[in-house]
Each structure stands twice: as C-alpha cells, then as structure tokens.
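As stored in query.cif (mmCIF, C-alpha atoms):
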```cif
data_coords
loop_
_atom_site.label_atom_id
_atom_site.label_comp_id
_atom_site.auth_asym_id
_atom_site.auth_seq_id
_atom_site.Cartn_x
_atom_site.Cartn_y
_atom_site.Cartn_z
CA MET L 1 18.51 -23.16 11.77
CA ALA L 2 14.78 -22.49 11.86
CA GLU L 3 13.28 -19.42 13.48
CA ILE L 4 11.00 -20.50 16.34
CA GLY L 5 7.71 -18.63 16.54
CA TYR L 6 4.67 -18.38 18.81
CA GLN L 7 1.08 -19.01 17.70
CA ALA L 8 -1.40 -16.28 18.65
CA SER L 9 -4.63 -18.28 18.87
CA HIS L 10 -7.58 -15.91 18.49
CA GLU L 11 -9.99 -18.80 19.00
CA GLN L 12 -8.74 -19.37 22.55
CA PHE L 13 -7.84 -15.97 23.98
CA ALA L 14 -9.22 -12.44 23.97
CA PRO L 15 -7.33 -10.00 21.71
CA SER L 16 -6.19 -7.96 24.72
CA GLU L 17 -4.75 -11.07 26.36
CA LEU L 18 -2.99 -12.08 23.14
CA LEU L 19 -1.25 -8.68 23.04
CA LYS L 20 0.27 -9.47 26.43
CA LEU L 21 1.19 -13.03 25.43
CA VAL L 22 3.00 -12.09 22.21
CA ASP L 23 4.95 -9.46 24.16
CA LEU L 24 5.99 -12.12 26.66
CA ALA L 25 6.87 -14.50 23.83
CA GLU L 26 9.12 -11.99 22.08
CA LYS L 27 10.88 -11.12 25.34
CA ALA L 28 11.39 -14.85 25.99
CA GLY L 29 13.20 -15.25 22.65
CA PHE L 30 10.51 -16.36 20.19
CA GLN L 31 11.52 -15.03 16.78
CA ALA L 32 8.18 -14.76 14.95
CA ILE L 33 4.44 -14.63 15.59
CA ASN L 34 1.73 -16.37 13.59
CA SER L 35 -1.86 -15.20 13.97
CA SER L 36 -4.94 -17.32 13.36
CA ASP L 37 -8.00 -15.76 11.71
CA HIS L 38 -11.45 -17.11 12.61
CA PHE L 39 -14.93 -15.70 12.82
CA HIS L 40 -15.94 -18.53 15.18
CA PRO L 41 -13.87 -20.74 17.49
CA TRP L 42 -13.83 -24.51 17.00
CA SER L 43 -15.46 -25.04 20.40
CA GLU L 44 -17.50 -23.19 22.99
CA ARG L 45 -14.70 -24.05 25.45
CA GLN L 46 -12.23 -22.07 23.36
CA GLY L 47 -14.61 -19.16 23.42
CA HIS L 48 -13.03 -16.31 21.38
CA SER L 49 -12.68 -15.02 17.82
CA GLY L 50 -10.96 -11.63 17.64
CA PHE L 51 -10.55 -9.88 14.28
CA SER L 52 -6.97 -10.65 13.32
CA PHE L 53 -6.30 -7.77 10.92
CA ALA L 54 -7.29 -5.15 13.52
CA TRP L 55 -5.22 -6.95 16.14
CA LEU L 56 -2.15 -7.27 13.92
CA GLY L 57 -1.63 -3.53 13.62
CA ALA L 58 -1.63 -3.14 17.39
CA ALA L 59 0.59 -6.16 17.99
CA MET L 60 3.19 -5.30 15.38
CA ARG L 61 3.45 -1.67 16.55
CA ASN L 62 5.13 -2.77 19.78
CA SER L 63 7.25 -5.52 18.26
CA SER L 64 10.29 -6.06 16.06
CA VAL L 65 9.76 -9.68 14.92
CA PRO L 66 7.97 -10.82 11.76
CA TYR L 67 4.26 -11.65 11.87
CA GLY L 68 2.02 -13.73 9.66
CA VAL L 69 -1.67 -14.54 9.41
CA VAL L 70 -3.55 -17.33 7.66
CA CYS L 71 -6.84 -16.40 6.01
CA ALA L 72 -9.22 -17.56 3.29
CA PRO L 73 -10.09 -14.94 0.67
CA GLY L 74 -13.05 -15.50 -1.62
CA GLN L 75 -16.18 -15.61 0.56
CA ARG L 76 -15.94 -13.93 3.97
CA TYR L 77 -13.14 -11.72 2.61
CA HIS L 78 -13.06 -10.15 -0.82
CA PRO L 79 -9.52 -10.59 -2.24
CA ALA L 80 -9.13 -6.85 -2.82
CA ILE L 81 -9.76 -6.24 0.89
CA VAL L 82 -7.20 -8.89 1.91
CA ALA L 83 -4.71 -7.31 -0.50
CA GLN L 84 -5.41 -3.86 0.99
CA ALA L 85 -4.98 -5.16 4.55
CA ALA L 86 -1.76 -6.97 3.66
CA ALA L 87 -0.40 -3.94 1.81
CA THR L 88 -1.16 -1.67 4.77
CA LEU L 89 0.60 -3.92 7.28
CA ALA L 90 3.56 -4.45 4.96
CA GLU L 91 3.84 -0.69 4.34
CA MET L 92 3.88 0.09 8.07
CA PHE L 93 6.19 -2.80 8.92
CA PRO L 94 8.41 -3.51 5.88
CA ASN L 95 9.75 -7.05 5.50
CA ARG L 96 7.95 -8.16 8.68
CA PHE L 97 4.63 -9.50 7.39
CA TRP L 98 3.50 -12.53 5.42
CA VAL L 99 0.03 -13.79 4.65
CA ALA L 100 -0.87 -17.47 4.26
CA LEU L 101 -3.85 -18.22 2.02
CA GLY L 102 -6.11 -21.27 2.19
CA SER L 103 -9.49 -22.43 0.94
CA GLY L 104 -11.12 -21.97 4.34
CA GLU L 105 -13.66 -23.71 6.54
CA ALA L 106 -17.44 -23.48 6.47
CA LEU L 107 -17.35 -22.62 10.18
CA ASN L 108 -16.10 -19.14 9.27
CA GLU L 109 -17.01 -18.56 5.65
CA LYS L 110 -20.72 -19.52 5.64
CA ILE L 111 -21.60 -16.45 7.71
CA THR L 112 -22.07 -14.64 4.37
CA GLY L 113 -25.12 -16.80 3.59
CA GLN L 114 -23.58 -17.98 0.32
CA VAL L 115 -23.38 -21.62 -0.72
CA TRP L 116 -20.29 -23.40 0.65
CA PRO L 117 -18.61 -24.81 -2.48
CA PRO L 118 -16.85 -28.18 -2.75
CA LYS L 119 -13.08 -28.27 -2.33
CA GLU L 120 -12.33 -28.24 -6.07
CA ILE L 121 -14.31 -25.02 -6.56
CA ARG L 122 -12.82 -23.46 -3.42
CA ASN L 123 -9.34 -24.12 -4.79
CA GLN L 124 -10.25 -22.52 -8.13
CA ARG L 125 -11.66 -19.53 -6.28
CA LEU L 126 -8.52 -19.24 -4.14
CA LEU L 127 -6.29 -19.25 -7.22
CA GLU L 128 -8.36 -16.42 -8.72
CA CYS L 129 -8.00 -14.52 -5.44
CA VAL L 130 -4.23 -14.98 -5.47
CA THR L 131 -4.04 -13.65 -9.04
CA VAL L 132 -6.13 -10.61 -8.11
CA MET L 133 -4.04 -9.95 -4.99
CA ARG L 134 -0.71 -10.20 -6.82
CA ARG L 135 -1.87 -7.73 -9.47
CA LEU L 136 -3.13 -5.29 -6.86
CA LEU L 137 0.09 -5.54 -4.84
CA ALA L 138 1.99 -4.83 -8.07
CA GLY L 139 0.10 -1.52 -8.41
CA GLU L 140 -2.23 -2.54 -11.23
CA THR L 141 -5.84 -1.45 -11.67
CA VAL L 142 -7.73 -4.74 -11.62
CA SER L 143 -11.02 -5.89 -13.07
CA HIS L 144 -11.84 -9.58 -12.94
CA ARG L 145 -14.87 -11.74 -13.70
CA GLY L 146 -15.02 -15.33 -12.45
CA LEU L 147 -15.71 -17.07 -9.15
CA VAL L 148 -14.80 -13.71 -7.61
CA GLU L 149 -15.54 -10.36 -9.21
CA VAL L 150 -13.48 -7.18 -9.07
CA GLU L 151 -14.11 -3.88 -10.81
CA ASN L 152 -11.55 -1.10 -11.26
CA ALA L 153 -9.72 -1.81 -7.99
CA ARG L 154 -6.35 -0.20 -7.29
CA LEU L 155 -4.23 0.06 -4.14
CA TYR L 156 -2.73 3.50 -3.63
CA SER L 157 -0.76 2.76 -0.44
CA LEU L 158 1.73 0.10 -1.44
CA PRO L 159 4.59 -1.39 0.60
CA PRO L 160 8.21 -1.09 -0.54
CA VAL L 161 8.30 -4.91 -0.76
CA SER L 162 5.18 -7.02 -1.32
CA PRO L 163 4.44 -9.53 1.43
CA LEU L 164 4.92 -13.20 0.67
CA LEU L 165 1.72 -15.00 -0.30
CA ILE L 166 2.19 -18.38 1.37
CA GLY L 167 0.09 -21.43 0.49
CA ALA L 168 -1.62 -23.14 3.44
CA ALA L 169 -1.77 -26.91 2.96
CA VAL L 170 -2.42 -29.90 5.21
CA THR L 171 -2.34 -32.77 2.70
CA LYS L 172 0.37 -33.70 0.23
CA GLU L 173 -2.11 -33.15 -2.61
CA THR L 174 -2.78 -29.56 -1.60
CA ALA L 175 0.92 -28.99 -0.96
CA ALA L 176 1.73 -30.14 -4.50
CA TRP L 177 -0.86 -27.73 -5.88
CA ALA L 178 0.44 -24.87 -3.73
CA GLY L 179 3.92 -25.41 -5.11
CA SER L 180 2.68 -24.18 -8.49
CA TRP L 181 1.48 -20.75 -7.30
CA ALA L 182 2.55 -19.92 -3.73
CA ASP L 183 5.64 -18.00 -2.58
CA GLY L 184 6.08 -20.64 0.12
CA LEU L 185 4.31 -23.31 2.17
CA ILE L 186 2.79 -23.42 5.63
CA THR L 187 1.56 -26.73 6.99
CA ILE L 188 0.86 -28.36 10.35
CA SER L 189 2.70 -31.00 12.35
CA LYS L 190 1.89 -34.68 11.91
CA PRO L 191 3.86 -37.94 12.09
CA ILE L 192 7.28 -37.27 10.60
CA GLU L 193 6.93 -39.59 7.60
CA GLU L 194 3.60 -38.01 6.61
CA LEU L 195 5.15 -34.58 6.98
CA ARG L 196 8.08 -35.64 4.84
CA GLU L 197 5.60 -36.51 2.06
CA VAL L 198 3.99 -33.07 2.30
CA VAL L 199 7.40 -31.40 2.01
CA LYS L 200 8.38 -33.57 -0.96
CA ALA L 201 5.10 -32.90 -2.76
CA PHE L 202 5.60 -29.16 -2.40
CA ARG L 203 9.23 -29.21 -3.49
CA ASP L 204 8.63 -31.55 -6.44
CA ASN L 205 5.82 -29.41 -7.87
CA GLY L 206 7.33 -25.95 -8.04
CA GLY L 207 8.22 -25.32 -4.41
CA GLU L 208 11.94 -26.11 -4.54
CA GLY L 209 13.88 -23.22 -2.98
CA LYS L 210 10.78 -21.53 -1.58
CA PRO L 211 10.41 -20.99 2.20
CA MET L 212 8.49 -23.54 4.26
CA TYR L 213 6.80 -22.86 7.59
CA LEU L 214 5.41 -25.37 10.07
CA LYS L 215 2.82 -24.88 12.80
CA VAL L 216 3.36 -27.41 15.57
CA GLN L 217 0.43 -28.40 17.79
CA LEU L 218 1.77 -29.25 21.25
CA SER L 219 0.62 -29.38 24.84
CA TYR L 220 3.04 -28.55 27.63
CA ALA L 221 2.19 -28.29 31.33
CA HIS L 222 3.57 -29.07 34.81
CA THR L 223 2.68 -32.77 34.49
CA GLU L 224 1.94 -35.28 31.75
CA GLU L 225 -1.65 -35.57 32.97
CA GLU L 226 -2.17 -31.81 32.89
CA ALA L 227 -0.67 -31.64 29.41
CA LEU L 228 -2.98 -34.39 28.15
CA MET L 229 -6.15 -33.07 29.75
CA GLY L 230 -5.37 -29.50 28.71
CA ALA L 231 -5.09 -30.65 25.10
CA PHE L 232 -8.25 -32.74 25.43
CA ASP L 233 -10.26 -29.80 26.77
CA GLN L 234 -9.12 -27.29 24.14
CA TRP L 235 -8.22 -29.31 21.06
CA LYS L 236 -10.39 -32.43 20.87
CA THR L 237 -12.61 -30.77 18.26
CA ASN L 238 -9.59 -30.10 16.00
CA ILE L 239 -8.11 -33.54 15.40
CA PHE L 240 -10.31 -34.74 12.53
CA GLN L 241 -9.31 -34.98 8.88
CA GLY L 242 -9.31 -31.69 6.99
CA THR L 243 -12.19 -32.82 4.80
CA VAL L 244 -14.32 -33.08 7.96
CA LEU L 245 -13.08 -29.88 9.57
CA ALA L 246 -13.66 -27.86 6.40
CA ASP L 247 -17.33 -28.74 6.05
CA LEU L 248 -18.71 -28.63 9.61
CA PRO L 249 -20.80 -25.42 9.62
CA THR L 250 -21.18 -24.39 13.28
CA VAL L 251 -19.45 -24.45 16.66
CA ALA L 252 -22.18 -26.82 17.86
CA HIS L 253 -21.27 -29.32 15.13
CA PHE L 254 -17.63 -29.28 16.21
CA ASP L 255 -18.55 -29.78 19.86
CA ALA L 256 -20.86 -32.65 18.91
CA ALA L 257 -18.07 -34.35 16.94
CA GLY L 258 -15.72 -33.84 19.89
CA GLU L 259 -17.98 -35.91 22.12
CA PHE L 260 -16.69 -39.02 20.36
CA VAL L 261 -13.03 -38.21 21.10
CA LYS L 262 -11.16 -39.81 23.99
CA PRO L 263 -8.07 -38.27 25.64
CA GLU L 264 -5.77 -40.92 24.19
CA ASP L 265 -6.93 -39.96 20.67
CA LEU L 266 -4.93 -36.73 21.01
CA PHE L 267 -1.59 -38.59 20.88
CA GLY L 268 -0.22 -38.46 17.35
CA LYS L 269 -2.27 -35.33 16.63
CA VAL L 270 -0.67 -33.15 19.34
CA ASN L 271 2.85 -33.41 20.80
CA ILE L 272 1.93 -33.98 24.45
CA SER L 273 4.65 -33.93 27.10
CA ALA L 274 5.70 -32.17 30.31
CA SER L 275 9.36 -32.60 29.28
CA PRO L 276 11.11 -29.63 27.61
CA GLU L 277 13.74 -32.08 26.38
CA LYS L 278 11.13 -34.18 24.58
CA HIS L 279 9.68 -31.10 22.88
CA THR L 280 13.18 -30.03 21.88
CA GLN L 281 13.73 -33.44 20.28
CA TRP L 282 10.48 -33.18 18.31
CA ILE L 283 11.36 -29.69 17.05
CA LYS L 284 14.82 -30.83 15.92
CA GLU L 285 13.19 -33.59 13.87
CA TYR L 286 11.03 -30.98 12.14
CA GLU L 287 14.06 -28.76 11.54
CA SER L 288 15.74 -31.61 9.69
CA LEU L 289 13.02 -31.41 7.01
CA GLY L 290 14.11 -27.89 6.07
CA PHE L 291 11.49 -25.61 7.61
CA GLN L 292 12.59 -21.97 7.88
CA LYS L 293 10.00 -21.08 10.54
CA ILE L 294 8.53 -23.42 13.15
CA ILE L 295 5.54 -21.89 14.93
CA LEU L 296 4.76 -23.46 18.31
CA HIS L 297 1.13 -23.61 19.35
CA ASN L 298 0.62 -24.72 22.92
CA VAL L 299 -3.01 -25.75 22.54
CA ASN L 300 -3.86 -25.74 26.26
CA ARG L 301 -4.52 -22.61 28.29
CA GLU L 302 -1.19 -22.56 30.21
CA GLN L 303 0.45 -19.98 27.97
CA GLU L 304 2.65 -18.10 30.44
CA LEU L 305 4.18 -21.32 31.79
CA PHE L 306 4.82 -22.50 28.23
CA ILE L 307 6.44 -19.20 27.18
CA LYS L 308 8.64 -19.03 30.28
CA ASP L 309 9.85 -22.64 30.25
CA PHE L 310 10.41 -22.82 26.50
CA GLY L 311 12.25 -19.48 26.62
CA GLU L 312 14.54 -20.82 29.33
CA LYS L 313 14.96 -24.46 28.30
CA VAL L 314 13.86 -25.18 24.73
CA LEU L 315 14.85 -22.16 22.64
CA PRO L 316 18.48 -22.09 23.93
CA ALA L 317 18.83 -25.81 23.18
CA LEU L 318 17.81 -25.16 19.56
CA ARG L 319 20.47 -22.49 18.95
#
```
Represent the structure from my file as structure tokens, please.
Amino acid sequence: MAEIGYQASHEQFAPSELLKLVDLAEKAGFQAINSSDHFHPWSERQGHSGFSFAWLGAAMRNSSVPYGVVCAPGQRYHPAIVAQAAATLAEMFPNRFWVALGSGEALNEKITGQVWPPKEIRNQRLLECVTVMRRLLAGETVSHRGLVEVENARLYSLPPVSPLLIGAAVTKETAAWAGSWADGLITISKPIEELREVVKAFRDNGGEGKPMYLKVQLSYAHTEEEALMGAFDQWKTNIFQGTVLADLPTVAHFDAAGEFVKPEDLFGKVNISASPEKHTQWIKEYESLGFQKIILHNVNREQELFIKDFGEKVLPALR
C-alpha cells in the first residue's frame, strides 16, 4: 500500500501559507510531504517562489512525516551546497528526508548568467553532481574537476543515515538512465500506459527493487467546472512536453505559451474531477504499478477544501 503525500507548491503559495497547509495535510492523514524548489514560478498567476531549503527546516520541525524536495544541482546550486543542505536536514530529522535530483529548467537555473547547456550536457553534469554528493555524504574530502568543480570540500555534520538520492524523470528514456545511478525514481502522472513504460524502463535498467515515487497532478473543487477552470488558471503553462518546459527562460515565455492552451487541453495532463470516488479510482490505478509514495498535487488554489475532503473521503478508501 502506497503512502499518500501532499505537494507543497512553492510556486503557488507563500512559504508562511505552506507551513499552515502542510500542518493541515498531516492532521488530515497525509503520510508524506514533497516540496518543490523554484527560483521563479511558471506563471505570474502562480506568483510565488519561496526558498525550499530554508522552508524545509521550519516545516519538518513541527512534523513527524517524511519530507522530500526536488532540485537541480550544477548551476544555480553547487553540488557541495546541496549535499550540505541535505546532510543538515537528515541529521536533524533522521530517516525523514529524501532529495530528488534532476537536470533542471532554464527558468530557474539561468539566473546565474551561465550558458544553459543542452540536455545531454545537463545529464552529464548531474551525474558528476551525484558522484560529488555521494562522496561528501560518505564523509570524504572531495576535489573534482569536470563540468562542476570542487576543491577540498568536506562535510563535518553528517546524518546517521544518508538521505536517498532519488532520480527525477518524466520520460522513459530519462527513467532508464536514472535506474543506473539513482537510489529510486520520482516521476509525474500521465496516461497509465505511458506511466507503465516509465516504470518498466527504470526497473529494467538498474531500478529493480528500488523505491518509486509518483507526483500526481489533479484538480479537485466543489464542481467539475470549478475544478477545470482552477486547473486552467494555475496549470495551463505546465502541460507542455519536458523538452519545451526545460528551455523556456522566463515567466513571460511560459505565460505567452499558455495563451495557446484551451481549458479542454488540461484533460489527460491533470486528473480533473469534483468526485472523490473518481480520484480514489485513479490513485488505485497508480498504486497497481508499484509506487511506494504517491504525492497528490491539487494544482488549483482550493487547498483547504482538497485537504479536508481527501482526508475524509479518499485517504480512508485507500487503506
């Protein structure tokens, strides 16, 4: 049976509001929290971008459930700093923190003024970052010369157990690659047959027996119309292929691309329904693929309604 988690979306809500929401989610029965990590939101309508690593310490202090964060070391973050942040959180909250690592999006990473590399180079850079982070978390003194550079770095405050370094993948190709180096997989919801291919690619290429997490994009509200229009308002800039999302450089570019999206385009990209039973059915389908954690991201702004109703109607039906 999968643990059901709540997505803390820093792009959509102020950090102070997210502290209240994750508290409500835990009290409602959600069993894990996943934090996003952006420097910019995907849309002016979303309107926020809190610093996840500062927020995580505050959120986890008043909680007992596991937390994770997805980030992209290599450009905006030096891998030694990500390793230090992860080690600090894992030392304070043993066995309650994981970090998911991906190749990133220009929207966030280009703030450094460096060239945004093509995907192949970003993957090579990420793999170097993972190697550096693993060595640091093992207590080594690390020097490294490559796409990232490290000189005589050592972490002195280490956790009793190193956090899992999870591979973030959307496509089956990236999932297959992640199987060779990651401690587990995190991916996003999509039509069940496409998702099955992602799972198979990960398992067949070194991921067999490793944990798999899924982030589900959904929209739940009082009515079907409210659920659809809430998703359209907040998530229409997020439904494009990953190759497009990764290379758009500014919030304005995302909003411009979103002008071509119609409300009906959200179906198939977001699970849209005002029926708790329908959402329960979707989640059970995902469970059948073997995910250990399923993180629910209600992409509209009706978070308290979502937390309350899912706590009362969906989570009990999944246990």
Margin query: Going by the chain IDs and residue numbers used in this file, which residues fall under the PyMOL selection byres ((chain L and resi 5) around 8)? Write them as a ChimeraX atom specification.
Written below: /L:3-4,6-7,30-34,293-296
Margin query: Excluding range 185-198 of chain L and its own-chain neighbours fewer than 6 positions away, which residues fall within 6 Å of it when counting only C-alpha atoms? Please give them as a ChimeraX atom specification.
Written below: /L:166-170,172,212-216
Next item on the list: Starting from the displayed file, determine the output of the PyMOL selection byres ((chain L and resi 176) around 8) and express the residue list as number ranges by chain.
Entry: L: 172-175, 177-180, 198, 201-206
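With distances restricted to all atoms listed in the file, L:Cys129 is the closest residue to Val148 in chain L from L:Val161, L:Ala86, L:Ala25, L:Cys129.
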The PyMOL selection byres ((chain L and resi 261) around 10) applied to the shown file, residues as a PDB file with C-alpha atoms, in the coordinates of the input:
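In the end it all went to result_20.pdb:
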```pdb
ATOM      1  CA  PHE L 232      -8.250 -32.740  25.430  1.00  0.00           C
ATOM      2  CA  LYS L 236     -10.390 -32.430  20.870  1.00  0.00           C
ATOM      3  CA  THR L 237     -12.610 -30.770  18.260  1.00  0.00           C
ATOM      4  CA  ILE L 239      -8.110 -33.540  15.400  1.00  0.00           C
ATOM      5  CA  PHE L 240     -10.310 -34.740  12.530  1.00  0.00           C
ATOM      6  CA  ALA L 256     -20.860 -32.650  18.910  1.00  0.00           C
ATOM      7  CA  ALA L 257     -18.070 -34.350  16.940  1.00  0.00           C
ATOM      8  CA  GLY L 258     -15.720 -33.840  19.890  1.00  0.00           C
ATOM      9  CA  GLU L 259     -17.980 -35.910  22.120  1.00  0.00           C
ATOM     10  CA  PHE L 260     -16.690 -39.020  20.360  1.00  0.00           C
ATOM     11  CA  LYS L 262     -11.160 -39.810  23.990  1.00  0.00           C
ATOM     12  CA  PRO L 263      -8.070 -38.270  25.640  1.00  0.00           C
ATOM     13  CA  GLU L 264      -5.770 -40.920  24.190  1.00  0.00           C
ATOM     14  CA  ASP L 265      -6.930 -39.960  20.670  1.00  0.00           C
ATOM     15  CA  LEU L 266      -4.930 -36.730  21.010  1.00  0.00           C
TER      16      LEU L 266
END
```
Got a minute to add N, CA and C atoms to range 169-202 of chain L and dump it as a compact mmCIF listing (two decimals), in the coordinates of the input?
```txt
# COMPACT_ATOMS: atom_id res chain seq x y z
N ALA L 169 -1.43 -25.56 3.41
CA ALA L 169 -1.77 -26.91 2.96
C ALA L 169 -1.59 -27.90 4.10
N VAL L 170 -2.52 -28.83 4.21
CA VAL L 170 -2.42 -29.90 5.21
C VAL L 170 -2.03 -31.22 4.54
N THR L 171 -2.61 -31.51 3.38
CA THR L 171 -2.34 -32.77 2.70
C THR L 171 -1.23 -32.61 1.66
N LYS L 172 -0.67 -33.74 1.25
CA LYS L 172 0.37 -33.70 0.23
C LYS L 172 -0.20 -33.25 -1.11
N GLU L 173 -1.48 -33.56 -1.35
CA GLU L 173 -2.11 -33.15 -2.61
C GLU L 173 -2.22 -31.63 -2.69
N THR L 174 -2.68 -31.01 -1.61
CA THR L 174 -2.78 -29.56 -1.60
C THR L 174 -1.40 -28.91 -1.62
N ALA L 175 -0.43 -29.52 -0.95
CA ALA L 175 0.92 -28.99 -0.96
C ALA L 175 1.50 -29.00 -2.37
N ALA L 176 1.25 -30.07 -3.12
CA ALA L 176 1.73 -30.14 -4.50
C ALA L 176 1.11 -29.02 -5.34
N TRP L 177 -0.17 -28.80 -5.16
CA TRP L 177 -0.86 -27.73 -5.88
C TRP L 177 -0.31 -26.37 -5.49
N ALA L 178 -0.09 -26.15 -4.19
CA ALA L 178 0.44 -24.87 -3.73
C ALA L 178 1.82 -24.58 -4.30
N GLY L 179 2.60 -25.62 -4.54
CA GLY L 179 3.92 -25.41 -5.11
C GLY L 179 3.90 -24.68 -6.43
N SER L 180 2.78 -24.79 -7.17
CA SER L 180 2.68 -24.18 -8.49
C SER L 180 2.39 -22.69 -8.45
N TRP L 181 1.88 -22.16 -7.32
CA TRP L 181 1.48 -20.75 -7.30
C TRP L 181 1.97 -19.96 -6.08
N ALA L 182 2.26 -20.63 -4.97
CA ALA L 182 2.55 -19.92 -3.73
C ALA L 182 4.01 -19.49 -3.65
N ASP L 183 4.27 -18.44 -2.86
CA ASP L 183 5.64 -18.00 -2.58
C ASP L 183 6.32 -18.90 -1.56
N GLY L 184 5.56 -19.75 -0.89
CA GLY L 184 6.08 -20.64 0.12
C GLY L 184 4.96 -21.52 0.64
N LEU L 185 5.26 -22.35 1.62
CA LEU L 185 4.31 -23.31 2.17
C LEU L 185 4.20 -23.13 3.68
N ILE L 186 2.97 -23.22 4.21
CA ILE L 186 2.79 -23.42 5.63
C ILE L 186 1.90 -24.64 5.82
N THR L 187 2.32 -25.52 6.71
CA THR L 187 1.56 -26.73 6.99
C THR L 187 1.58 -26.97 8.49
N ILE L 188 0.95 -28.07 8.92
CA ILE L 188 0.86 -28.36 10.35
C ILE L 188 1.59 -29.66 10.66
N SER L 189 1.95 -29.81 11.93
CA SER L 189 2.70 -31.00 12.35
C SER L 189 1.84 -32.24 12.27
N LYS L 190 2.51 -33.35 11.98
CA LYS L 190 1.89 -34.68 11.91
C LYS L 190 3.03 -35.68 12.00
N PRO L 191 2.75 -36.98 12.04
CA PRO L 191 3.86 -37.94 12.09
C PRO L 191 4.92 -37.64 11.03
N ILE L 192 6.18 -37.81 11.38
CA ILE L 192 7.28 -37.27 10.60
C ILE L 192 7.30 -37.80 9.17
N GLU L 193 6.92 -39.06 8.95
CA GLU L 193 6.93 -39.59 7.60
C GLU L 193 5.83 -38.96 6.74
N GLU L 194 4.67 -38.70 7.34
CA GLU L 194 3.60 -38.01 6.61
C GLU L 194 4.02 -36.59 6.27
N LEU L 195 4.69 -35.94 7.21
CA LEU L 195 5.15 -34.58 6.98
C LEU L 195 6.22 -34.54 5.90
N ARG L 196 7.06 -35.55 5.88
CA ARG L 196 8.08 -35.64 4.84
C ARG L 196 7.44 -35.71 3.45
N GLU L 197 6.31 -36.42 3.34
CA GLU L 197 5.60 -36.51 2.06
C GLU L 197 5.02 -35.17 1.64
N VAL L 198 4.51 -34.40 2.60
CA VAL L 198 3.99 -33.07 2.30
C VAL L 198 5.10 -32.18 1.77
N VAL L 199 6.25 -32.20 2.43
CA VAL L 199 7.40 -31.40 2.01
C VAL L 199 7.84 -31.80 0.61
N LYS L 200 7.94 -33.10 0.35
CA LYS L 200 8.38 -33.57 -0.96
C LYS L 200 7.40 -33.16 -2.05
N ALA L 201 6.11 -33.27 -1.76
CA ALA L 201 5.10 -32.90 -2.76
C ALA L 201 5.22 -31.43 -3.12
N PHE L 202 5.45 -30.59 -2.13
CA PHE L 202 5.60 -29.16 -2.40
C PHE L 202 6.85 -28.89 -3.22
```
